[in-house]
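Enquirer: One structure, pasted below without further comment.
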Amino acid sequence: MSRSRATAPLFAALTTFVALSSTLLGGPAAAAADAPAVDSVLVTGTGEVSGEPDTVTADFAVEITAAAVDDAMTRAGTAATRVRDALLHAGVARADLQTSNVNVGAQRNDDGDVTGYTVSQGITATIRSLPQAGAVLSAAVAAGGDAARLNGVWYSIEDDTALLSQARKLAFADARAKAEQYAQEAGRPLGRVMTVSEVPFTVPVSGGFDYRSGADAPAAPMPVEPGRQRLSVTVTVEWALPPAPDQHASV
């Protein structure tokens, strides 16, 4: 009998501990499950700015066709070396030069017989001095001779941090203006920001150059007009929509 009485308080204590643990562990989850859904409005805003490019990326290539593949590769390698050396001599840093591709292809006649081989090699150069860009382009194309190709140039802004910051402000303001309008139409106040996501986008500016041979290379430096580059940011923002004040009063 005394043994049963001694066991009872222990059992009660264990029961209390288990119940308390279940409350603590399950409490937040249960509270979250019982919490009412928050009304919200999800809108997208866009901000766009423009700035002057300060960097040119040029896509050079050399292309040689010969009867023997070894001959084509040797001559293409020599032409590519001349283009590279001309770029270095014009002030382009070696770190700003990159071999972009190397292709070897067979030339065939109508019967399918191999008549020769074409070897091409691409060189991408980043030119960081816009005033010198025209002279650099002309020098590289001239150095490559008849094998030289200039497939295009693209302008960019090396440090666009300040411009992107301005675009973000414009994008958020655009999103907020839309959200405020929707909240007003719904007769609700605009609450706190719940989520924000961003998609930055830069509109590339191409110079449109396409020189296919050394014979096309101009004697004078190529005219380079970078224009302006547009940077755009799109932001998606979700705002809470609390109940209207009169709705609070009626509850």
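Just so we're on the same page: first chain in the structure tokens is A, next is B, and so on; residues restart at 1 for each chain, and ligands are numbered from 1 in the order they show up.
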Sorted by chain and rising residue number, which residues of segment 97-150 of chain A lie within 7 Å of segment 46-69 of chain A, and what are their closest atom pairs and distances in Å to one decimal, counting only C-alpha atoms, as a tab-separated table?
Expert:
residue	atom	partner	partner_atom	distance
A:Thr115	CA	A:Ala67	CA	6.4
A:Gly116	CA	A:Ala67	CA	4.0
A:Tyr117	CA	A:Val69	CA	5.4
A:Thr118	CA	A:Thr65	CA	4.2
A:Val119	CA	A:Ile64	CA	5.4
A:Ser120	CA	A:Glu63	CA	4.3
A:Gln121	CA	A:Ala61	CA	5.4
A:Gly122	CA	A:Ala61	CA	4.1
A:Ile123	CA	A:Phe60	CA	5.0
A:Thr124	CA	A:Asp59	CA	4.8
A:Ala125	CA	A:Ala58	CA	5.3
A:Thr126	CA	A:Thr57	CA	4.4
A:Ile127	CA	A:Val56	CA	5.0
A:Arg128	CA	A:Thr55	CA	4.7
A:Ser129	CA	A:Thr55	CA	6.7
A:Leu130	CA	A:Asp54	CA	6.1
A:Gly144	CA	A:Val62	CA	6.9
A:Ala147	CA	A:Val62	CA	5.0
A:Ala148	CA	A:Val62	CA	4.6
A:Arg149	CA	A:Ala61	CA	4.9
A:Leu150	CA	A:Phe60	CA	4.6
Enquirer: Store the residues picked out above, limited to C-alpha atoms, as a PDB file, in the first residue's frame.
Expert:
ATOM      1  CA  THR A 115      39.483  20.049-100.881  1.00  0.00           C
ATOM      2  CA  GLY A 116      41.069  21.907 -98.002  1.00  0.00           C
ATOM      3  CA  TYR A 117      40.826  22.951 -94.379  1.00  0.00           C
ATOM      4  CA  THR A 118      39.712  26.133 -92.665  1.00  0.00           C
ATOM      5  CA  VAL A 119      41.171  27.071 -89.297  1.00  0.00           C
ATOM      6  CA  SER A 120      39.783  29.965 -87.261  1.00  0.00           C
ATOM      7  CA  GLN A 121      40.805  31.346 -83.897  1.00  0.00           C
ATOM      8  CA  GLY A 122      38.957  33.942 -81.860  1.00  0.00           C
ATOM      9  CA  ILE A 123      40.523  36.581 -79.626  1.00  0.00           C
ATOM     10  CA  THR A 124      38.465  38.672 -77.211  1.00  0.00           C
ATOM     11  CA  ALA A 125      40.023  41.939 -76.054  1.00  0.00           C
ATOM     12  CA  THR A 126      38.847  44.334 -73.362  1.00  0.00           C
ATOM     13  CA  ILE A 127      39.850  47.914 -74.158  1.00  0.00           C
ATOM     14  CA  ARG A 128      39.648  50.195 -71.125  1.00  0.00           C
ATOM     15  CA  SER A 129      40.524  53.479 -72.832  1.00  0.00           C
ATOM     16  CA  LEU A 130      37.642  54.640 -75.023  1.00  0.00           C
ATOM     17  CA  GLY A 144      46.008  40.264 -89.017  1.00  0.00           C
ATOM     18  CA  ALA A 147      42.991  36.683 -92.276  1.00  0.00           C
ATOM     19  CA  ALA A 148      41.643  39.246 -89.804  1.00  0.00           C
ATOM     20  CA  ARG A 149      38.021  39.423 -88.739  1.00  0.00           C
ATOM     21  CA  LEU A 150      36.301  41.855 -86.387  1.00  0.00           C
TER      22      LEU A 150
END
Enquirer: Select, from A:Gln229, A:Thr234, A:Thr78, A:Thr44, the residue with the minimum atom-to-atom distance to Ser156 of chain A, counting only C-alpha atoms.
Expert: A:Gln229
Enquirer: Between atom CA of Ser232 of chain A and atom CA of Phe201 of chain A, what distance in Å does the model show, to one decimal?
Expert: 5.1 Å
Enquirer: Write out as a ChimeraX atom specification all residues of segment 116-242 of chain A that backbone DSSP assigns to helix (DSSP H, G or I).
Expert: /A:130-147,161-186,214-216
Enquirer: Mind dumping the selected residues with C-alpha atoms as a PDB file, in the first residue's frame?
Expert:
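Just written: again-v8.pdb:
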ATOM      1  CA  LEU A 130      37.642  54.640 -75.023  1.00  0.00           C
ATOM      2  CA  PRO A 131      39.607  57.495 -76.655  1.00  0.00           C
ATOM      3  CA  GLN A 132      42.125  54.928 -77.920  1.00  0.00           C
ATOM      4  CA  ALA A 133      39.594  52.259 -78.892  1.00  0.00           C
ATOM      5  CA  GLY A 134      39.388  53.199 -82.579  1.00  0.00           C
ATOM      6  CA  ALA A 135      43.158  53.142 -83.015  1.00  0.00           C
ATOM      7  CA  VAL A 136      43.427  49.820 -81.164  1.00  0.00           C
ATOM      8  CA  LEU A 137      40.778  48.191 -83.355  1.00  0.00           C
ATOM      9  CA  SER A 138      42.410  49.424 -86.555  1.00  0.00           C
ATOM     10  CA  ALA A 139      45.881  48.299 -85.490  1.00  0.00           C
ATOM     11  CA  ALA A 140      44.718  44.794 -84.611  1.00  0.00           C
ATOM     12  CA  VAL A 141      42.788  44.311 -87.871  1.00  0.00           C
ATOM     13  CA  ALA A 142      45.708  45.627 -89.926  1.00  0.00           C
ATOM     14  CA  ALA A 143      48.126  43.288 -88.147  1.00  0.00           C
ATOM     15  CA  GLY A 144      46.008  40.264 -89.017  1.00  0.00           C
ATOM     16  CA  GLY A 145      46.016  41.106 -92.727  1.00  0.00           C
ATOM     17  CA  ASP A 146      43.603  39.280 -95.013  1.00  0.00           C
ATOM     18  CA  ALA A 147      42.991  36.683 -92.276  1.00  0.00           C
ATOM     19  CA  THR A 161      27.377  50.268 -58.554  1.00  0.00           C
ATOM     20  CA  ALA A 162      26.061  53.830 -58.228  1.00  0.00           C
ATOM     21  CA  LEU A 163      23.812  53.488 -61.280  1.00  0.00           C
ATOM     22  CA  LEU A 164      22.323  50.218 -60.031  1.00  0.00           C
ATOM     23  CA  SER A 165      21.668  51.808 -56.638  1.00  0.00           C
ATOM     24  CA  GLN A 166      19.762  54.618 -58.342  1.00  0.00           C
ATOM     25  CA  ALA A 167      17.820  52.114 -60.468  1.00  0.00           C
ATOM     26  CA  ARG A 168      16.856  50.155 -57.331  1.00  0.00           C
ATOM     27  CA  LYS A 169      15.437  53.295 -55.702  1.00  0.00           C
ATOM     28  CA  LEU A 170      13.390  54.042 -58.797  1.00  0.00           C
ATOM     29  CA  ALA A 171      12.171  50.445 -59.026  1.00  0.00           C
ATOM     30  CA  PHE A 172      11.103  50.338 -55.373  1.00  0.00           C
ATOM     31  CA  ALA A 173       9.347  53.700 -55.669  1.00  0.00           C
ATOM     32  CA  ASP A 174       7.521  52.413 -58.741  1.00  0.00           C
ATOM     33  CA  ALA A 175       6.440  49.277 -56.894  1.00  0.00           C
ATOM     34  CA  ARG A 176       5.314  51.259 -53.851  1.00  0.00           C
ATOM     35  CA  ALA A 177       3.234  53.651 -55.965  1.00  0.00           C
ATOM     36  CA  LYS A 178       1.421  50.694 -57.517  1.00  0.00           C
ATOM     37  CA  ALA A 179       0.891  49.025 -54.137  1.00  0.00           C
ATOM     38  CA  GLU A 180      -0.502  52.234 -52.626  1.00  0.00           C
ATOM     39  CA  GLN A 181      -2.940  52.557 -55.506  1.00  0.00           C
ATOM     40  CA  TYR A 182      -4.163  48.975 -55.106  1.00  0.00           C
ATOM     41  CA  ALA A 183      -4.481  49.405 -51.341  1.00  0.00           C
ATOM     42  CA  GLN A 184      -6.492  52.590 -51.825  1.00  0.00           C
ATOM     43  CA  GLU A 185      -8.771  50.889 -54.346  1.00  0.00           C
ATOM     44  CA  ALA A 186      -9.314  48.063 -51.875  1.00  0.00           C
ATOM     45  CA  GLY A 214      42.303  43.061 -94.111  1.00  0.00           C
ATOM     46  CA  ALA A 215      41.281  44.726 -97.364  1.00  0.00           C
ATOM     47  CA  ASP A 216      38.316  46.236 -95.541  1.00  0.00           C
TER      48      ASP A 216
END
Enquirer: So what do you get for atom CA of Val38 of chain A versus atom CA of Gly191 of chain A, distance-wise?
Expert: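 Atom CA of Gly191 of chain A lies at a distance of 10.5 Å from atom CA of Val38 of chain A.
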Enquirer: Atom CA of Asp70 of chain A to atom CA of Asn103 of chain A: how many Å, to one decimal?
Expert: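 Straight-line distance from atom CA of Asp70 of chain A to atom CA of Asn103 of chain A works out to 13.2 Å.
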Enquirer: Quick one: of A:Met222, A:Val233, A:Arg75, A:Asp159, who's nearest to Ser197 of chain A, counting only C-alpha atoms?
Expert: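 Between A:Met222, A:Val233, A:Arg75, A:Asp159, the residue approaching Ser197 of chain A most closely is A:Val233.
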Enquirer: Which residue is closest to Met73 of chain A? Choose from A:Leu88, A:Val104, A:Val235, A:Met194 and count only C-alpha atoms.
Expert: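 Among A:Leu88, A:Val104, A:Val235, A:Met194, it is A:Val104 that comes nearest to Met73 of chain A.
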Enquirer: Could you pull out the strand (DSSP E) residues of segment 96-245 of chain A from DSSP and send them as a ChimeraX atom specification?
Expert: /A:97-108,114-127,148-156,193-202,205-206,229-240
Enquirer: Find, counting only C-alpha atoms, the residue in A:Asp71, A:Gly152, A:Gly187, A:Val224 that gets nearest to Pro245 of chain A.
Expert: A:Gly187
